[in-house]
Every structure is written in C-alpha cells, then in structure tokens.
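Inspection log for the structure reproduced underneath, given as structure tokens.
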Amino acid sequence: MAQIRVENLRKSFDQFTAVEGSNFTIDDGTFFAMLGPSGCGKTTTLRMIAGLELPTEGKILLDGEDVTFRRAAARDIAFVFQLFALYPHMNVAGNIGFPLKCQGMGRREIRDRVQETARLLRIEHLLSSKTSKLSGGDRQRVALGRAMVRRPKAFLMDEPLGALDAEFRHLMCGELRDLHDRISATTVYVTHDQLEAMSMADQIAVMNKGRVEQIGSPQEVYDRPASMFVADFIGSPPMNFLRFESGLRSGDRAVAFHSVSVEVPEIREDRASAPLALGIRPEHIRFADAAPVRGEVFGAEYLGTTQIVTVDTPHGRLAARLPSSASVRIGETVGLEFQSERLALFDVASGLAVRTANMGSARRG
Amino acid sequence: MADVILRNISKRFDAVEAVRELSLAVNDGEFLVLLGPSGAGKTTTLRLITGLETPDAGSVMIDGRDVTHDPPGSRDIAFVFQQYSLYPHLTVYDNLAFPLRSPARRVSEPIIRKRVEQTAELLHIASKLNNRATRLSGGEMQRVAIGRALVRDPSIYLMDEPLSSLDAKLRAELRLELKRIQLELGATILYVTHDQVEAMTMASRIGVIRDGQLLQCGTPREIYESPSSSYVASRLGTPQINFLPAHLLSDVPVPPGTETVGIRTEHLQITARNGGRMVGRVHRIEHLGEQNHVHLDYKGEMLVTLADPRQPLQSGQEVELRLVHPLCFDRAGQRIPAMVH
C-alpha cells in the first residue's frame, strides 16, 4: 500500500488550464475524495496520478518514488471507471482473474486470488455466473474485484457510482467504505456528489476551476469551509449567505449587520469596510419572535424528522432546518436567531473565509 | 379546477398487470403525488386519466362526469412530461401561447398575451419571452414546459416526473416554486415520481403505489408517522427505517403477532452502557455535516441512527439502545397498531 504525493501539479490543454498548481499528500490507507463540479479538474488530476495523462508541470510521487513520467502500467495502481465494462463472454471468475492471466500468473494461484477477492467482496456465490445475468450492483462488485485482484498499491475511482440511482448509490457507498476498512488500500475517489464524499472519505479535497479550495476531514470541511464555494458546495441545503457591508476589527465578537448587531465567533483579523457575507448553516437557525433579523416564510418542506423552511429576508433567502413538530405558516413574518458560535464570515470579493475563533487556518491545496 | 376520481381501474398489457383495481380521488385544489418505483404503474395511471390508454375495467370521472370513453382532446387536462419537448424554432412567448392558439380553443390574441405574460411572471421567465426556446438553460426550459401547461385553465394538471432530468440544486429550487404556484393558483395537480423527497415536500397527500396497486394514501406526515405496511415505511425517510426481527428485542413490549419491528433512525437512541439488555456495537460513523449517521451492529443486524456530530463515539464502542415509537408489523408486513397503555 502506498502514500501518494502531488507537488505543484499543473495541466494545460492548449489555452485551457485544467489543473493549476495542486499540492497534497494522501497518506497510506486513506480514503481520499476529490469533490467538485464538472470541469473543476478532479478527473484530470486523477488521470495524471494514474498515468493516463502527463502533467504540464509538477511531480507525482508514489511511496516517495517519482513516477511522473512512468507509464500507467508500471505504476501498480488500479483504476475503476464509471462505466464498468465486463467481458460478456467470460463468467465472473474469468472477469476477475483476467488481469492476473495477462500477467502470466499460474492457474492455481489465479484461482486462489480470485477466491480471496470474491470473499472480500462477498460475491463467492456468483463466481460461475454469466456477467450478463448480474444486477447493476453485482456488476459493480465484479468490476471492483477485477481492480482488487492485482493487489495494487492504490485504487483510483472515477465516479464509480455515478450511473446508479440515489438510494442504491448510498447503499453502495456504505459497502465501498466497509470494503476499504477491510483492505485499507489507499483510495482516491472522484465525485461531484458531496454526499458520497462526506459519507465515505477520510479526507476531502474540494476543487473549483482547477484549484484545490480546501482539504480536510468531512466534518472540518463542513464546519469550517475555507471559501464561499466550499460552503455552498457542501451540505444540503447548502450554507446560507446574507450580504452586508462592514469593516472588521480583530477581537470583536459582533458585526454590524445592516442596522443590527449580530454576534459572531471572535474575529481574528482587521479589515477595511468591504462587502461581506454572513454564512449560516440551515440547522443553526431558530425562529424567535424578538430576534431583530426578520423575514417572511416562503415555503416549508416536510422531510419526516425535520423540515426545511425557506425564509425571504431583505438581504437574501435563507433555508432553515427546524424540527418537523414546529408549526410554520407560509407568509408569516418571523424573527431569526442564529447560533452565534457556529457562524462564518466571508469576504465577498475573494470568496475567502474571514479568520475567526471558529475558522482557524483551513488547509488549502 | 375540478376533482378527478378513479374507480377500480385496471389495465393489463399482455402478461403485465400495470394497474390493478386502483381507486383514487384527487380533490379540487389538491397536490396529490403518486410515489412508486419504476414499473409501479404510475405513468399508466396518468395515461388512463388523459385517455391515451383505455382501462380494461373501472371508470374515470372528471368533475362528476364519466369520461372513461371520451377522447383525450375533450378531457380538459394539461400534461407535463419528464422530457420538456419545446418547439425549438419558436420563441418562449410562442411556445407558451401555442396551446391557446389551438383551433379547438379560439382564444383571442389580446387574451393570449395576457395569459402568457401572467404565466411568465409566475414562473420568473418574463425577461426571456423573446428568447428562442433553445437558448435557455435546462431549468428555464422546464419552466417553459410547465408554463405551457399553466397558460390553460384545465380541470387538472398531470405531471410525469417533470423535475427528474434537472440537477439537484435546480430541482430543489423548482420544487419550492411549483408548490408556491400550486398554492397561488389553487391548482389541482396529480404528480408522479419515484423521488420520496419530492413527494414529502410538495404533496398535500401522497399515494404510495407498487405493482399497480395503491397501498396507502395520506398526508406526508400520516404516511411517515403511521405507515400501513413495512413496505410503505421503507419508502419514506432517509436514512431508511431500521427493521429488526421481533425475537431479537429485549425489554420492548410488542403486540402479539409482531414479526418485525420498524424503528425510524431518529427513534433509535444510543447511550453509554448502563445495565440495559439491548447492547449494540458501533460499526462505523458517517460524518454528514449537520449530523452523524451511526451504523450499529446489534446481534448481527445492521441499524442506523442519527447522532449529534459533537457526541463522542468510536467504532467498536458498545452502546445501549433504546427504541422510541417502534412500529410493529406482522408476518405479511402489515402494520399492527401499537398497544394502548
């Protein structure tokens, strides 16, 4: 198993820069998710790690060894694609064992390795089945098996669950993570689905326009987003932003939000007056009659345990997550109370988080 | 607007019974959502109401009138499809005006203008009226498709997964919009989907459908809190409701005949060990931001519960389980009412 290190990695296609100057280290045994919208450079980065794309600049190290210009086949990495192409004329065992057969491994050894892989994936009962008879989930498991059977140093996965429907995808997420816990292989997983990344990863790199905006554990990235982009990309519904303009002084514990003073975590930097955004997660909002920030209820969406209540304020629309027992009427005016110690502040021009007691120094790639 | 009543409707395609003795009333001004997996008979039900299919048995009533054998054109229904099929060579305005310009309707141009402008306003696409339909984003195209149904004032709007081809953010936005528009117009809508979030958030009532049969019909809250069967219980709620064989329970009184117990994730509480007999082991903790999903192993069964992200928990740790509001089901999966204390 292996550590993967990426140094100043850059990739341009003609005029277009797909990846600019990424730096990160994926420790041995880590489940590392690269998360971002389409076109953010996550797949290009993955393909460079795999050796399917050559970088314009920078280095890729596998267990400390520079593999930047080594052929894909010589990197000892397994790649799992979104569309799992299985060989239709072979049974499951034949498909899983194929990479070993190509390496010229002996028949008995192949059989043992295929058995072991099938056991890890819990598909031993399918080994002699035709692949055309398999369900979508089982086909995906066989595709994984074909990647695992070589015992590579790392797994690279490009939206392997993208083709599945939402409920089944979540089930497979649990299964992939369980598998990871059993074999502890370094895994780099590319997705545009924040829920997949949050539910499986040890570390998430959130990418935007070819840059890594933040790297951290799921909880870190959720609680302390380094930028408005990250705050908006993670969470469902995402973080709310209320715009205002103000200067900031280090040591202050409140901001002048329009004509109202709103408590925030202690501010740790000085700033001249500029457009700012108050970042509020939906579950950190409560309705309180006396609260000075007010808005009108636009809609309420029942979700069973909780409900999402949308409120229009003069400074933007908010989504609040409230217990489903709370009674809410559309059109009524409500006061909004925020859980002050969990609020974030952003500089609107750069999109970056303002340093506060809650927002230490988030890691950027 | 008007109400629509289906009475014991059945429809078979060769060997497949697509709809089986289905009875359903969509009340005037109601947003009724049929929720079911693909192949459940949702779309067939809609097509039977429009007259695109004729039932083998049963009748369709619109506003008290039996229309079972009327042609589709005379039924006064507007249909919104999953794939927005706009006329690419026409502007947004002309796309919206199209249904009103049908020779069967004879609406005057000034009235058309008024209706189109009102509809565009309602859908927030007033500034796009002169755009070519092909020069819109996906969300805007779907708004126009919905708008083309709204310019008319039909008895009922039938919608077949109109949001499913949009991305998650847009879908969330249009969910809210559609509900607002329905309330503003007092429109009667029958909407079919396989997405439980759409059903929960928009419906006045949800009809859960499977294998052509309507299993339960009620408000989202009724269905979530009081499902009639284990299947219905599993259709609503994320993460899914937990099921435990009744014989594995300790210290939980259940009515006789209970085979399986369903426990919603928020009704499974975990605490430090303190002498209780239901002890599980933390298998994995999923950090989803606003809450953690804790996966537990209890006597070989996997359970999921919700926990505060700041609650200290570790994989492998043993915890005591407490069930609040367990739902009891018999051997056939039918709900057994809880005992009255």
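By order of appearance in the structure tokens: chains A, B, ..., then residues from 1 within every chain, and ligands from 1 in the order shown.
Using only C-alpha atoms, the residues found no farther than 12 Å from B:Val107, other than those of its own chain fewer than 4 positions away, are B:Ala97, B:Phe98, B:Pro99, B:Leu100, B:Arg101, B:Ser102, B:Pro103, B:Ile111, B:Ile112, B:Arg113, B:Lys114, B:Arg115, B:Val116, B:Val151, B:Arg152.
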> Got a sec: who's within 9 Å of B:Glu161, counting only C-alpha atoms, leaving out chain neighbours fewer than 3 positions off, as an MDAnalysis selection string?
Replying inline: chainID B and resid 80:83 164:165 191:195
>> Can you pull out the residues contacting stretch 213-220 of chain A? Cut-off 10 Å, using only C-alpha atoms, and skip same-chain residues under 6 positions away; I want them as a ChimeraX atom specification.
In response: /A:22,24,32-34,36,194-195,197-207,226-230,234,352,359,362-365 /B:286-292,309-310
> What lies within 9 Å of stretch 298-309 of chain A using only C-alpha atoms, ignoring chain neighbours under 5 positions off, as a PyMOL selection string?
Replying inline: (chain A and resi 237+282+317-326+328-332) or (chain B and resi 176-177+179-180+197+200-202+220-221+224-225+236-238+265-266)
>> Residues within 7 Å of A:Phe244, please, as a VMD selection string. Count only C-alpha atoms; anything in the same chain fewer than 4 positions from it doesn't count.
In response: chain A and resid 257 to 258 275 to 277
> Per DSSP on the backbone, what are the alpha helix (DSSP H) residues of stretch 79-187 of chain B, as a PyMOL selection string?
Replying inline: chain B and resi 92-97+109-122+138-150+168-185
>> Show me, as a PyMOL selection string, the residues that have an atom within 10 Å of stretch 151-165 of chain A when counting only C-alpha atoms, minus same-chain residues fewer than 6 positions from it.
In response: chain A and resi 1-4+28-34+42-43+46-47+49-50+62-63+75-84+113+117+136-137+140+143-144+172-173+183-193+196
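With atom CA of B:Leu158 on one side and atom CA of B:Ile49 on the other, the separation reads 8.7 Å.
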Excluding B:Ser23 and any residue of its chain fewer than 4 positions from it, enumerate the residues within 6 Å of it, using only C-alpha atoms, and give them as a JSON list (two decimals) with C-alpha atoms, in the first residue's frame.
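Generated output (around11.json):
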```json
[["chain", "number", "residue", "atom", "x", "y", "z"],
["B", 6, "LEU", "CA", -60.66, 6.77, -10.41],
["B", 7, "ARG", "CA", -62.92, 3.83, -9.60],
["B", 8, "ASN", "CA", -61.48, 0.31, -9.57]]
```
